[in-house]
There are 2 protein chains.
Amino acid sequence: MNADGPFADDRPRYQQVAEVLRARIAEGLHPPGTQLPTESDICAEFEVSRHTAREALRRLVDAGLIQRRQGSGSLVIAREAQQGYAHTMRSLDELFQYAADTTLRVLATGRPLPGPDVADDIGTADEGEWVAIEGLRLETGTQAPICFSLIFVNADFADVVTEIAQIRGAIYRRIEQRFGVEVAEVEQMIRVDKLPPEAARALGQRGRAMGVRVTRRYLDAAGRVIIVSINWHPADRFRYGMRMRREGARPGRG
Amino acid sequence: MNADGPFADDRPRYQQVAEVLRARIAEGLHPPGTQLPTESDICAEFEVSRHTAREALRRLVDAGLIQRRQGSGSLVIAREAQQGYAHTMRSLDELFQYAADTTLRVLATGRPLPGPDVADDIGTADEGEWVAIEGLRLETGTQAPICFSLIFVNADFADVVTEIAQIRGAIYRRIEQRFGVEVAEVEQMIRVDKLPPEAARALGQRGRAMGVRVTRRYLDAAGRVIIVSINWHPADRFRYGMRMRREGARPGRG
DNA sequence: TTACATTTGTTCGTATGTATG
DNA sequence: ACATACATACGAACAAATGTA
């Protein structure tokens with residue numbers, strides 16, 4: 001390790017050890033699925049204390065290269081650090097890229113059989129029952145229309161639907177607060193579609209105008225679908241931007 | 001800490017210490033911007049060794065609640081763990097959600113003054129010069145057209161453009177390999193736009209057809225724009241899906 | 001600028017607990 | 001039941017960075 005030779009490495013020992021182990025994994029000496037040498041082995045080979053060896057191994061865990069389990073050992077799980085990219089947001093509200101303060105003007109509510117047009121969006125049939133909300137999302141101040149929304153709320157949370165004409169902000173947020181559930185995952189699909197007649201009318205578009213259809217499915221940690229929303233935006237006003245950043249971090253547990 | 005009382009806590013000591021500190025930060029006892037007690041303080045208060053205190057503090061670092069600096073102390077940077085959402089991808093290729101294996105058929109290359117139509121996409125003028133590629137992206141096997149692409153390559157990497165009629169896969173990847181740069185950030189903007197005539201022709205669409213215009217700017221770690229690509233997709237075939245997952249992780253350094 | 005006390009970083013040693021196979 | 005291997009926890013010492021007198 002060149003502790004004090006002419007090519008002395010002044011980096012911490014644990015870092016040097018981690019570097020060697022990382023290189024070995026990258027070279028294929030310890031392929032994913034195999035075990036890394038034990039702490040004692042590392043102590044012996046590099047002539048460091050167990051503390052130092054553990055510090056080195058911790059770096060490999062942080063890099064997503066190994067997993068450690070008491071009694072079992074260190075399992076190699078990747079050859080190289082997963083240099084993934086991520087689009088992060090502090091709040092789900094950043095998914096909706098329109099004005100922060102919006103209101104949903106409820107046009108109709110009911111308990112419809114979802115038409116075939118939106119069946120795919122809701123997903124498989126046996127999710128239980130749904131309560132539908134049809135509405136128009138407006139900028140709260142200027143009342144400028146943003147999108148036409150068709151929202152299907154899981155019947156478990158149907159109470160949020162009753163007797164409201166206005167919903168300030170996002171519906172998922174209200175459900176989170178009222179029922180104490182947490183949205184753990186959102187699937188979003190963007191595509192271009194002909195505006196439904198009622199959407200075109202509400203948005204002040206021609207009857208045959210195209211629009212952007214954004215479908216979002218909100219799931220809790222157990223995978224239960226909380227709400228599905230389908231939002232039609234006028235094509236000429238639609239913009240969707242995102243920024244992906246490189247991250248040294250390991251990918252999600254998925 | 002109830003080490004052995006009737007309400008003994010069998011969790012590790014460092015976890016108990018971390019929990020207390022976390023609660024104090026959450027309560028506002030140590031607001032962001034202030035210093036957490038020193039290691040010695042924590043050792044004294046909880047009657048634990050320095051090792052245990054450091055292990056506890058490490059948890060707070062991992063949770064994104066504090067930052068530590070040698071010689072300075074532990075700075076509180078957040079009241080609560082940032083429970084953000086993230087859309088992660090292992091490779092940038094997942095940004096393009098079309099068939100994995102595609103080829104860009106180059107239709108024309110040159111060194112144009114970018115028209116006013118795309119000036120905004122390229123960004124501010126003094127980025128240096130650009131080399132343009134006009135092409136059609138096809139599924140490699142079936143030769144099915146995917147999108148019409150207008151690509152502006154930073155002149156520093158213009159070599160990739162010379163004398164090619166076909167580019168397999170994404171261009172950014174070729175630049176990464178050839179020049180040893182790394183894409184650190186990508187900005188993407190999706191909007192609906194009328195197809196340019198040449199795009200409509202190449203994609204087999206009507207002359208006045210609408211399409212989806214996806215602009216991507218690739219930046220390296222220094223913020224230099226490597227390439228800008230503008231891709232027009234036929235509206236009826238365009239789909240863009242993404243999945244956001246809740247993460248306990250701290251937010252990016254941005 | 002220098003000198004010094006403070007605080008975290010690194011590294012050793014040692015011992016015991018606990019999950020795994 | 002037992003050996004193995006990682007987890008937790010104590011103690012001690014010196015190094016390096018920081019802030020201040």
# chains A, B, ... in the order shown; residues from 1 in each chain; ligands from 1
$ interface_residues --of "chain B" --to "chain D" --cutoff "10 Å" --atoms "only C-alpha atoms (C1' of nucleotides)" --output "PDB file with N, CA and C atoms, in the first residue's frame"
ATOM      1  N   PRO B  12     -29.935  -0.446  18.844  1.00  0.00           N
ATOM      2  CA  PRO B  12     -28.556  -0.030  19.109  1.00  0.00           C
ATOM      3  C   PRO B  12     -28.515   1.365  19.726  1.00  0.00           C
ATOM      4  N   ARG B  13     -27.520   1.575  20.551  1.00  0.00           N
ATOM      5  CA  ARG B  13     -27.405   2.868  21.234  1.00  0.00           C
ATOM      6  C   ARG B  13     -27.291   4.013  20.232  1.00  0.00           C
ATOM      7  N   TYR B  14     -26.482   3.791  19.197  1.00  0.00           N
ATOM      8  CA  TYR B  14     -26.277   4.890  18.255  1.00  0.00           C
ATOM      9  C   TYR B  14     -27.577   5.283  17.567  1.00  0.00           C
ATOM     10  N   VAL B  48     -22.089   7.800  26.088  1.00  0.00           N
ATOM     11  CA  VAL B  48     -21.659   6.814  25.110  1.00  0.00           C
ATOM     12  C   VAL B  48     -20.243   7.153  24.676  1.00  0.00           C
ATOM     13  N   SER B  49     -19.606   6.198  24.029  1.00  0.00           N
ATOM     14  CA  SER B  49     -18.251   6.451  23.545  1.00  0.00           C
ATOM     15  C   SER B  49     -18.317   7.350  22.320  1.00  0.00           C
ATOM     16  N   ARG B  50     -17.185   7.853  21.948  1.00  0.00           N
ATOM     17  CA  ARG B  50     -17.144   8.728  20.784  1.00  0.00           C
ATOM     18  C   ARG B  50     -17.544   7.940  19.531  1.00  0.00           C
ATOM     19  N   HIS B  51     -17.140   6.693  19.509  1.00  0.00           N
ATOM     20  CA  HIS B  51     -17.486   5.838  18.379  1.00  0.00           C
ATOM     21  C   HIS B  51     -19.001   5.812  18.179  1.00  0.00           C
ATOM     22  N   THR B  52     -19.721   5.608  19.249  1.00  0.00           N
ATOM     23  CA  THR B  52     -21.182   5.529  19.165  1.00  0.00           C
ATOM     24  C   THR B  52     -21.772   6.875  18.755  1.00  0.00           C
ATOM     25  N   ARG B  69     -17.957  19.161   9.147  1.00  0.00           N
ATOM     26  CA  ARG B  69     -16.693  19.611   8.578  1.00  0.00           C
ATOM     27  C   ARG B  69     -15.617  19.545   9.629  1.00  0.00           C
ATOM     28  N   GLN B  70     -14.514  18.991   9.217  1.00  0.00           N
ATOM     29  CA  GLN B  70     -13.407  18.820  10.152  1.00  0.00           C
ATOM     30  C   GLN B  70     -13.009  20.180  10.732  1.00  0.00           C
ATOM     31  N   GLY B  71     -12.864  20.204  12.022  1.00  0.00           N
ATOM     32  CA  GLY B  71     -12.436  21.425  12.678  1.00  0.00           C
ATOM     33  C   GLY B  71     -13.556  22.401  12.974  1.00  0.00           C
ATOM     34  N   SER B  72     -14.688  22.195  12.321  1.00  0.00           N
ATOM     35  CA  SER B  72     -15.757  23.188  12.436  1.00  0.00           C
ATOM     36  C   SER B  72     -16.939  22.694  13.257  1.00  0.00           C
ATOM     37  N   GLY B  73     -17.397  21.508  12.974  1.00  0.00           N
ATOM     38  CA  GLY B  73     -18.545  20.994  13.716  1.00  0.00           C
ATOM     39  C   GLY B  73     -19.628  20.466  12.807  1.00  0.00           C
TER      40      GLY B  73
END
$ interface_residues --of "chain A" --to "chain B" --cutoff "10 Å" --atoms "only C-alpha atoms" --output "number ranges by chain"
A: 82-92, 94-95, 182-194, 210-221, 234-247, 249-254
$ select_by_dssp --residues "stretch 181-222 of chain A" --states "helix (DSSP H, G or I)" --output "list in words"
Pro197, Glu198, Ala199, Ala200, Arg201, Ala202 and Leu203 of chain A
$ closest_atom_pairs --of "chain C" --to "chain B" --cutoff "9 Å" --atoms "only C-alpha atoms (C1' of nucleotides)" --output "tab-separated table"
residue	atom	partner	partner_atom	distance
C:DT6	C1'	B:Gly71	CA	7.2
C:DT7	C1'	B:Gly71	CA	4.4
C:DT8	C1'	B:Gln70	CA	4.1
C:DG9	C1'	B:Gln70	CA	6.6
$ select_by_dssp --residues "stretch 8-219 of chain B" --states "strand (DSSP E or B)" --output "PyMOL selection string"
chain B and resi 35+66-69+73-76+85-89+102-110+130-139+145-154+166-168+183-194+210-219
$ residues_around --residues "A:Val161" --least-positions-apart "6" --cutoff "8 Å" --atoms "only C-alpha atoms (C1' of nucleotides)" --output "compact mmCIF listing (two decimals) with C-alpha atoms, in the first residue's frame"
# COMPACT_ATOMS: atom_id res chain seq x y z
CA THR A 109 -69.28 14.24 -10.07
CA VAL A 131 -65.87 8.04 -8.06
CA ILE A 133 -64.88 14.09 -10.98
$ residues_around --residues "A:Arg137" --least-positions-apart "2" --cutoff "10 Å" --atoms "only C-alpha atoms (C1' of nucleotides)" --output "ChimeraX atom specification"
/A:102-106,134-135,139-140,143-149,166-170,203,231
$ decode --residues "stretch 35-58 of chain A" --atoms "N, CA and C atoms" --output "PDB file, in the first residue's frame"
ATOM      1  N   GLN A  35     -19.079 -13.506  -3.416  1.00  0.00           N
ATOM      2  CA  GLN A  35     -18.769 -12.869  -2.141  1.00  0.00           C
ATOM      3  C   GLN A  35     -17.437 -12.146  -2.207  1.00  0.00           C
ATOM      4  N   LEU A  36     -17.404 -11.000  -1.612  1.00  0.00           N
ATOM      5  CA  LEU A  36     -16.145 -10.298  -1.436  1.00  0.00           C
ATOM      6  C   LEU A  36     -15.389 -10.979  -0.294  1.00  0.00           C
ATOM      7  N   PRO A  37     -14.055 -10.852  -0.264  1.00  0.00           N
ATOM      8  CA  PRO A  37     -13.332 -11.391   0.895  1.00  0.00           C
ATOM      9  C   PRO A  37     -13.894 -10.832   2.194  1.00  0.00           C
ATOM     10  N   THR A  38     -13.716 -11.583   3.253  1.00  0.00           N
ATOM     11  CA  THR A  38     -14.268 -11.154   4.536  1.00  0.00           C
ATOM     12  C   THR A  38     -13.439 -10.025   5.130  1.00  0.00           C
ATOM     13  N   GLU A  39     -13.981  -9.429   6.155  1.00  0.00           N
ATOM     14  CA  GLU A  39     -13.264  -8.347   6.826  1.00  0.00           C
ATOM     15  C   GLU A  39     -11.887  -8.821   7.284  1.00  0.00           C
ATOM     16  N   SER A  40     -11.854 -10.007   7.851  1.00  0.00           N
ATOM     17  CA  SER A  40     -10.554 -10.499   8.349  1.00  0.00           C
ATOM     18  C   SER A  40      -9.564 -10.647   7.204  1.00  0.00           C
ATOM     19  N   ASP A  41     -10.040 -11.185   6.101  1.00  0.00           N
ATOM     20  CA  ASP A  41      -9.168 -11.333   4.933  1.00  0.00           C
ATOM     21  C   ASP A  41      -8.572  -9.984   4.546  1.00  0.00           C
ATOM     22  N   ILE A  42      -9.440  -8.990   4.501  1.00  0.00           N
ATOM     23  CA  ILE A  42      -8.982  -7.667   4.086  1.00  0.00           C
ATOM     24  C   ILE A  42      -7.997  -7.106   5.088  1.00  0.00           C
ATOM     25  N   CYS A  43      -8.291  -7.293   6.359  1.00  0.00           N
ATOM     26  CA  CYS A  43      -7.367  -6.843   7.395  1.00  0.00           C
ATOM     27  C   CYS A  43      -5.995  -7.470   7.176  1.00  0.00           C
ATOM     28  N   ALA A  44      -6.012  -8.768   6.908  1.00  0.00           N
ATOM     29  CA  ALA A  44      -4.740  -9.479   6.768  1.00  0.00           C
ATOM     30  C   ALA A  44      -4.004  -9.009   5.512  1.00  0.00           C
ATOM     31  N   GLU A  45      -4.699  -8.950   4.392  1.00  0.00           N
ATOM     32  CA  GLU A  45      -4.031  -8.608   3.153  1.00  0.00           C
ATOM     33  C   GLU A  45      -3.444  -7.205   3.183  1.00  0.00           C
ATOM     34  N   PHE A  46      -4.217  -6.264   3.635  1.00  0.00           N
ATOM     35  CA  PHE A  46      -3.767  -4.873   3.578  1.00  0.00           C
ATOM     36  C   PHE A  46      -3.080  -4.429   4.867  1.00  0.00           C
ATOM     37  N   GLU A  47      -3.078  -5.330   5.822  1.00  0.00           N
ATOM     38  CA  GLU A  47      -2.444  -5.013   7.104  1.00  0.00           C
ATOM     39  C   GLU A  47      -3.039  -3.757   7.711  1.00  0.00           C
ATOM     40  N   VAL A  48      -4.339  -3.770   7.804  1.00  0.00           N
ATOM     41  CA  VAL A  48      -5.034  -2.665   8.459  1.00  0.00           C
ATOM     42  C   VAL A  48      -5.918  -3.245   9.550  1.00  0.00           C
ATOM     43  N   SER A  49      -6.375  -2.373  10.403  1.00  0.00           N
ATOM     44  CA  SER A  49      -7.262  -2.834  11.464  1.00  0.00           C
ATOM     45  C   SER A  49      -8.640  -3.120  10.895  1.00  0.00           C
ATOM     46  N   ARG A  50      -9.408  -3.797  11.675  1.00  0.00           N
ATOM     47  CA  ARG A  50     -10.749  -4.121  11.210  1.00  0.00           C
ATOM     48  C   ARG A  50     -11.564  -2.847  10.995  1.00  0.00           C
ATOM     49  N   HIS A  51     -11.335  -1.880  11.836  1.00  0.00           N
ATOM     50  CA  HIS A  51     -12.049  -0.615  11.694  1.00  0.00           C
ATOM     51  C   HIS A  51     -11.811  -0.003  10.313  1.00  0.00           C
ATOM     52  N   THR A  52     -10.567   0.003   9.909  1.00  0.00           N
ATOM     53  CA  THR A  52     -10.220   0.569   8.601  1.00  0.00           C
ATOM     54  C   THR A  52     -10.847  -0.244   7.467  1.00  0.00           C
ATOM     55  N   ALA A  53     -10.786  -1.552   7.629  1.00  0.00           N
ATOM     56  CA  ALA A  53     -11.394  -2.395   6.601  1.00  0.00           C
ATOM     57  C   ALA A  53     -12.892  -2.112   6.484  1.00  0.00           C
ATOM     58  N   ARG A  54     -13.532  -1.963   7.627  1.00  0.00           N
ATOM     59  CA  ARG A  54     -14.972  -1.703   7.600  1.00  0.00           C
ATOM     60  C   ARG A  54     -15.271  -0.363   6.956  1.00  0.00           C
ATOM     61  N   GLU A  55     -14.427   0.612   7.244  1.00  0.00           N
ATOM     62  CA  GLU A  55     -14.623   1.931   6.638  1.00  0.00           C
ATOM     63  C   GLU A  55     -14.532   1.827   5.110  1.00  0.00           C
ATOM     64  N   ALA A  56     -13.584   1.026   4.650  1.00  0.00           N
ATOM     65  CA  ALA A  56     -13.445   0.842   3.203  1.00  0.00           C
ATOM     66  C   ALA A  56     -14.689   0.168   2.630  1.00  0.00           C
ATOM     67  N   LEU A  57     -15.143  -0.868   3.316  1.00  0.00           N
ATOM     68  CA  LEU A  57     -16.313  -1.593   2.824  1.00  0.00           C
ATOM     69  C   LEU A  57     -17.548  -0.705   2.824  1.00  0.00           C
ATOM     70  N   ARG A  58     -17.597   0.185   3.790  1.00  0.00           N
ATOM     71  CA  ARG A  58     -18.744   1.089   3.841  1.00  0.00           C
ATOM     72  C   ARG A  58     -18.822   1.933   2.576  1.00  0.00           C
TER      73      ARG A  58
END
